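Input: a single structure, listed below in structure tokens.
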Amino acid sequence: MNTDLANARKGDPWSLSGVIFGLSDARDTEGRPLCERRAPISAKEGVPMKLRPCPYGDERERRTINLSALAQVTAHLETVVVDAERFHGLAGSSPRSWSEVHMLVLDQLAQAALFQLGDPKRRAPIPAPTSVAYKIAVGYSEPVRELLMRELLGQKPEVSAEALLSLVKEERYLVGASEACAGPPHLLRRVTRAFVEGPPRPPEAIEARRLAVARLLGRQVELGICFGLFDRQVEHALFFGSPGTERFAPRTRFLRDKVAERQRQLLEADTPLPRSPLPAGLDAGTAHSLETVMAACFDRTAHVFGNTPIIESLLAHGESAIVIPSEQRASLAQSFAAYLEAHSAFQRALTQLELQLRAQLGPWLTPPSGPDDRGQTAVALNPAIFPLPRALPWFEMIVGHRLHEEAGPDPKRVLRNQHRSVPLHGTAAAASSS
């Protein structure tokens, strides 16, 4: 069962992205699972799976393909293509950026989730064309996200079907771990052109709110990408910034090996990364807040963080898994306090976008079964939107306490271990649960 979908119906914390990316056990009106081979056994029971060697003379040659899934996609392909072209018409023109292409992909992904959220019967199968749209969008989501990230970093990749197909071939996106994409080359080109280049059709047949929902989802994803890049920058600075790697003294051989392996990975990566600009469309106050706390993480000379003394006192207990010399405690405490401010600021910004999404979702939502109004229900940010942090676990090991968020109408952040639970100054993201 989709946890976020169940929570949305009960009035518990949820997010639209959680519903979208929690469809692994869903089936459509033709009895096929939305996620095909990645679906759990229960969703694939009794479903025809005709697996054959791939006949195409490209990188998929002799790989296994699923002819049953291909037959369904082919049967409903025109419906999906027309719907994508109508979305182009709703957006106003053919995409001028990968952000706009990504918005269309998110729209196609979202339709199955919106159907389920609005399903009064609670368990009605998803319409087959909607299922096919989801399957196609899943295939495009990773390469389009890669081009979106390059765009956010200022690389300006060409916005064209050929550019996307070239990346797909280069990175072997058509070849999965257990089977390859079953679509023939001519079909892939047709769908890629529809998704990337239009042409736009009159949008009267589709709900206009889909554009607002897709834009907000896209803004969430772009903000999550920005957080992920920032988080890697902080992790890199933690390992290699002044005074350097001598600050790390792991207590166990296992941790020493883990630190050494992560250092190797970071050195092999293209780091330090350039600072990523925030996505367009954020309100001025949110953008300013995020820019301020991100900058303070790398230049703390003019900024004092209220949680620094708390963290420094926890370091003095000497309960960390990674020991830090006493003369470096103040600097590490300041670094962690700055990072916590930034982490919380991103969480607040993503939560506010989620609440804006809920304001747009009204026509698709059935009344919740719980007593709370759905618009006020707490938010549970999905990792697809708010990536799991890489720097935070290192800070936690250094301080010897884990970051937790206490539930309640005014949730508080605490640093906690088996000996104590210490509240931090300031609250967590309003109406959120991480």
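Labeling convention for the structure tokens: chains A, B, ... as they appear, residues from 1 per chain, ligands from 1 in order of appearance.
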
Considering only helix (DSSP H, G or I) as DSSP defines it on the backbone, what residues of stretch 215-273 of chain A qualify? List them as a ChimeraX atom specification.
/A:215-240,245-247,253-268

Could you name the residues that touch A:Leu381 at 12 Å or less, counting only C-alpha atoms, but leaving out those on the same chain fewer than 6 positions away, as a PyMOL selection string?
chain A and resi 4+13-19+21+220-221+224+346-355+387-388+429+431-434

Which of stretch 90-286 of chain A counts as strand (DSSP E or B) under DSSP, as a ChimeraX atom specification please?
/A:126,175,180,249-250

Just the residues within 12 Å of stretch 259-263 of chain A, please, counting only C-alpha atoms, with nothing from its chain fewer than 5 positions along; format it as an MDAnalysis selection string.
chainID A and resid 232 235:240 244:254 268:269 271 321:322 390:391 393:394 397:398

Got time to write the residues from that selection, N, CA, C and O atoms, as a JSON list (two decimals), in the first residue's frame?
[["chain", "number", "residue", "atom", "x", "y", "z"],
["A", 232, "ARG", "N", 26.67, 18.42, -0.82],
["A", 232, "ARG", "CA", 27.97, 17.86, -1.23],
["A", 232, "ARG", "C", 29.10, 18.87, -1.03],
["A", 232, "ARG", "O", 30.23, 18.51, -0.68],
["A", 235, "GLU", "N", 29.89, 18.75, 2.62],
["A", 235, "GLU", "CA", 30.63, 17.53, 2.94],
["A", 235, "GLU", "C", 32.08, 17.63, 2.47],
["A", 235, "GLU", "O", 33.01, 17.22, 3.20],
["A", 236, "HIS", "N", 32.27, 18.16, 1.28],
["A", 236, "HIS", "CA", 33.64, 18.32, 0.77],
["A", 236, "HIS", "C", 34.44, 19.26, 1.67],
["A", 236, "HIS", "O", 35.61, 18.99, 1.98],
["A", 237, "ALA", "N", 33.83, 20.37, 2.10],
["A", 237, "ALA", "CA", 34.52, 21.31, 3.00],
["A", 237, "ALA", "C", 34.82, 20.66, 4.34],
["A", 237, "ALA", "O", 35.85, 20.94, 4.95],
["A", 238, "LEU", "N", 33.92, 19.80, 4.80],
["A", 238, "LEU", "CA", 34.12, 19.12, 6.08],
["A", 238, "LEU", "C", 35.34, 18.21, 6.03],
["A", 238, "LEU", "O", 36.11, 18.11, 6.99],
["A", 239, "PHE", "N", 35.52, 17.54, 4.89],
["A", 239, "PHE", "CA", 36.65, 16.62, 4.74],
["A", 239, "PHE", "C", 37.96, 17.34, 4.40],
["A", 239, "PHE", "O", 39.02, 16.97, 4.90],
["A", 240, "PHE", "N", 37.88, 18.37, 3.55],
["A", 240, "PHE", "CA", 39.10, 18.92, 2.97],
["A", 240, "PHE", "C", 39.34, 20.40, 3.27],
["A", 240, "PHE", "O", 40.35, 20.96, 2.84],
["A", 244, "GLY", "N", 41.81, 20.77, 7.73],
["A", 244, "GLY", "CA", 42.17, 19.62, 6.92],
["A", 244, "GLY", "C", 41.73, 18.30, 7.52],
["A", 244, "GLY", "O", 41.09, 18.24, 8.56],
["A", 245, "THR", "N", 42.13, 17.21, 6.83],
["A", 245, "THR", "CA", 41.63, 15.89, 7.20],
["A", 245, "THR", "C", 42.19, 15.39, 8.52],
["A", 245, "THR", "O", 41.72, 14.39, 9.05],
["A", 246, "GLU", "N", 43.17, 16.10, 9.11],
["A", 246, "GLU", "CA", 43.71, 15.63, 10.40],
["A", 246, "GLU", "C", 42.68, 15.77, 11.51],
["A", 246, "GLU", "O", 42.85, 15.22, 12.60],
["A", 247, "ARG", "N", 41.59, 16.50, 11.24],
["A", 247, "ARG", "CA", 40.55, 16.63, 12.26],
["A", 247, "ARG", "C", 39.83, 15.30, 12.50],
["A", 247, "ARG", "O", 39.20, 15.11, 13.52],
["A", 248, "PHE", "N", 39.88, 14.37, 11.56],
["A", 248, "PHE", "CA", 39.16, 13.11, 11.70],
["A", 248, "PHE", "C", 40.00, 12.07, 12.42],
["A", 248, "PHE", "O", 41.08, 11.72, 11.96],
["A", 249, "ALA", "N", 39.50, 11.60, 13.56],
["A", 249, "ALA", "CA", 40.15, 10.52, 14.30],
["A", 249, "ALA", "C", 39.08, 9.49, 14.68],
["A", 249, "ALA", "O", 38.59, 9.48, 15.81],
["A", 250, "PRO", "N", 38.67, 8.64, 13.74],
["A", 250, "PRO", "CA", 37.63, 7.66, 14.03],
["A", 250, "PRO", "C", 38.06, 6.69, 15.13],
["A", 250, "PRO", "O", 39.22, 6.32, 15.23],
["A", 251, "ARG", "N", 37.10, 6.27, 15.95],
["A", 251, "ARG", "CA", 37.42, 5.41, 17.10],
["A", 251, "ARG", "C", 37.58, 3.95, 16.70],
["A", 251, "ARG", "O", 38.16, 3.17, 17.45],
["A", 252, "THR", "N", 37.02, 3.53, 15.56],
["A", 252, "THR", "CA", 37.07, 2.12, 15.18],
["A", 252, "THR", "C", 37.69, 1.97, 13.80],
["A", 252, "THR", "O", 37.71, 2.91, 12.99],
["A", 253, "ARG", "N", 38.20, 0.76, 13.53],
["A", 253, "ARG", "CA", 38.77, 0.49, 12.21],
["A", 253, "ARG", "C", 37.70, 0.58, 11.13],
["A", 253, "ARG", "O", 37.98, 1.07, 10.03],
["A", 254, "PHE", "N", 36.48, 0.13, 11.44],
["A", 254, "PHE", "CA", 35.39, 0.22, 10.47],
["A", 254, "PHE", "C", 35.16, 1.66, 10.04],
["A", 254, "PHE", "O", 35.04, 1.96, 8.85],
["A", 268, "GLU", "N", 37.78, 11.79, -6.25],
["A", 268, "GLU", "CA", 37.59, 11.34, -7.63],
["A", 268, "GLU", "C", 36.46, 12.09, -8.32],
["A", 268, "GLU", "O", 36.40, 12.15, -9.55],
["A", 269, "ALA", "N", 35.54, 12.65, -7.52],
["A", 269, "ALA", "CA", 34.42, 13.38, -8.11],
["A", 269, "ALA", "C", 34.87, 14.78, -8.54],
["A", 269, "ALA", "O", 35.96, 15.24, -8.20],
["A", 271, "THR", "N", 34.71, 17.79, -7.61],
["A", 271, "THR", "CA", 34.47, 18.69, -6.50],
["A", 271, "THR", "C", 35.73, 19.52, -6.27],
["A", 271, "THR", "O", 36.82, 19.10, -6.65],
["A", 321, "ALA", "N", 31.79, 9.41, 17.72],
["A", 321, "ALA", "CA", 32.41, 8.27, 17.04],
["A", 321, "ALA", "C", 33.66, 8.71, 16.30],
["A", 321, "ALA", "O", 34.53, 7.90, 16.01],
["A", 322, "ILE", "N", 33.74, 10.00, 15.98],
["A", 322, "ILE", "CA", 34.92, 10.59, 15.34],
["A", 322, "ILE", "C", 35.43, 11.69, 16.27],
["A", 322, "ILE", "O", 34.75, 12.69, 16.48],
["A", 390, "ARG", "N", 24.13, 13.97, 2.90],
["A", 390, "ARG", "CA", 25.38, 13.23, 3.06],
["A", 390, "ARG", "C", 26.25, 13.85, 4.15],
["A", 390, "ARG", "O", 27.02, 13.16, 4.82],
["A", 391, "ALA", "N", 26.18, 15.17, 4.33],
["A", 391, "ALA", "CA", 27.01, 15.82, 5.35],
["A", 391, "ALA", "C", 26.47, 15.58, 6.76],
["A", 391, "ALA", "O", 27.26, 15.44, 7.71],
["A", 393, "PRO", "N", 25.11, 12.98, 8.46],
["A", 393, "PRO", "CA", 25.59, 11.84, 9.27],
["A", 393, "PRO", "C", 27.02, 12.02, 9.79],
["A", 393, "PRO", "O", 27.32, 11.55, 10.89],
["A", 394, "TRP", "N", 27.89, 12.72, 9.03],
["A", 394, "TRP", "CA", 29.25, 12.95, 9.53],
["A", 394, "TRP", "C", 29.23, 13.90, 10.72],
["A", 394, "TRP", "O", 29.93, 13.69, 11.71],
["A", 397, "MET", "N", 28.09, 11.97, 13.74],
["A", 397, "MET", "CA", 29.14, 11.12, 14.31],
["A", 397, "MET", "C", 30.16, 11.94, 15.09],
["A", 397, "MET", "O", 30.67, 11.52, 16.12],
["A", 398, "ILE", "N", 30.45, 13.13, 14.58],
["A", 398, "ILE", "CA", 31.41, 14.00, 15.25],
["A", 398, "ILE", "C", 30.88, 14.47, 16.60],
["A", 398, "ILE", "O", 31.60, 14.52, 17.60]]
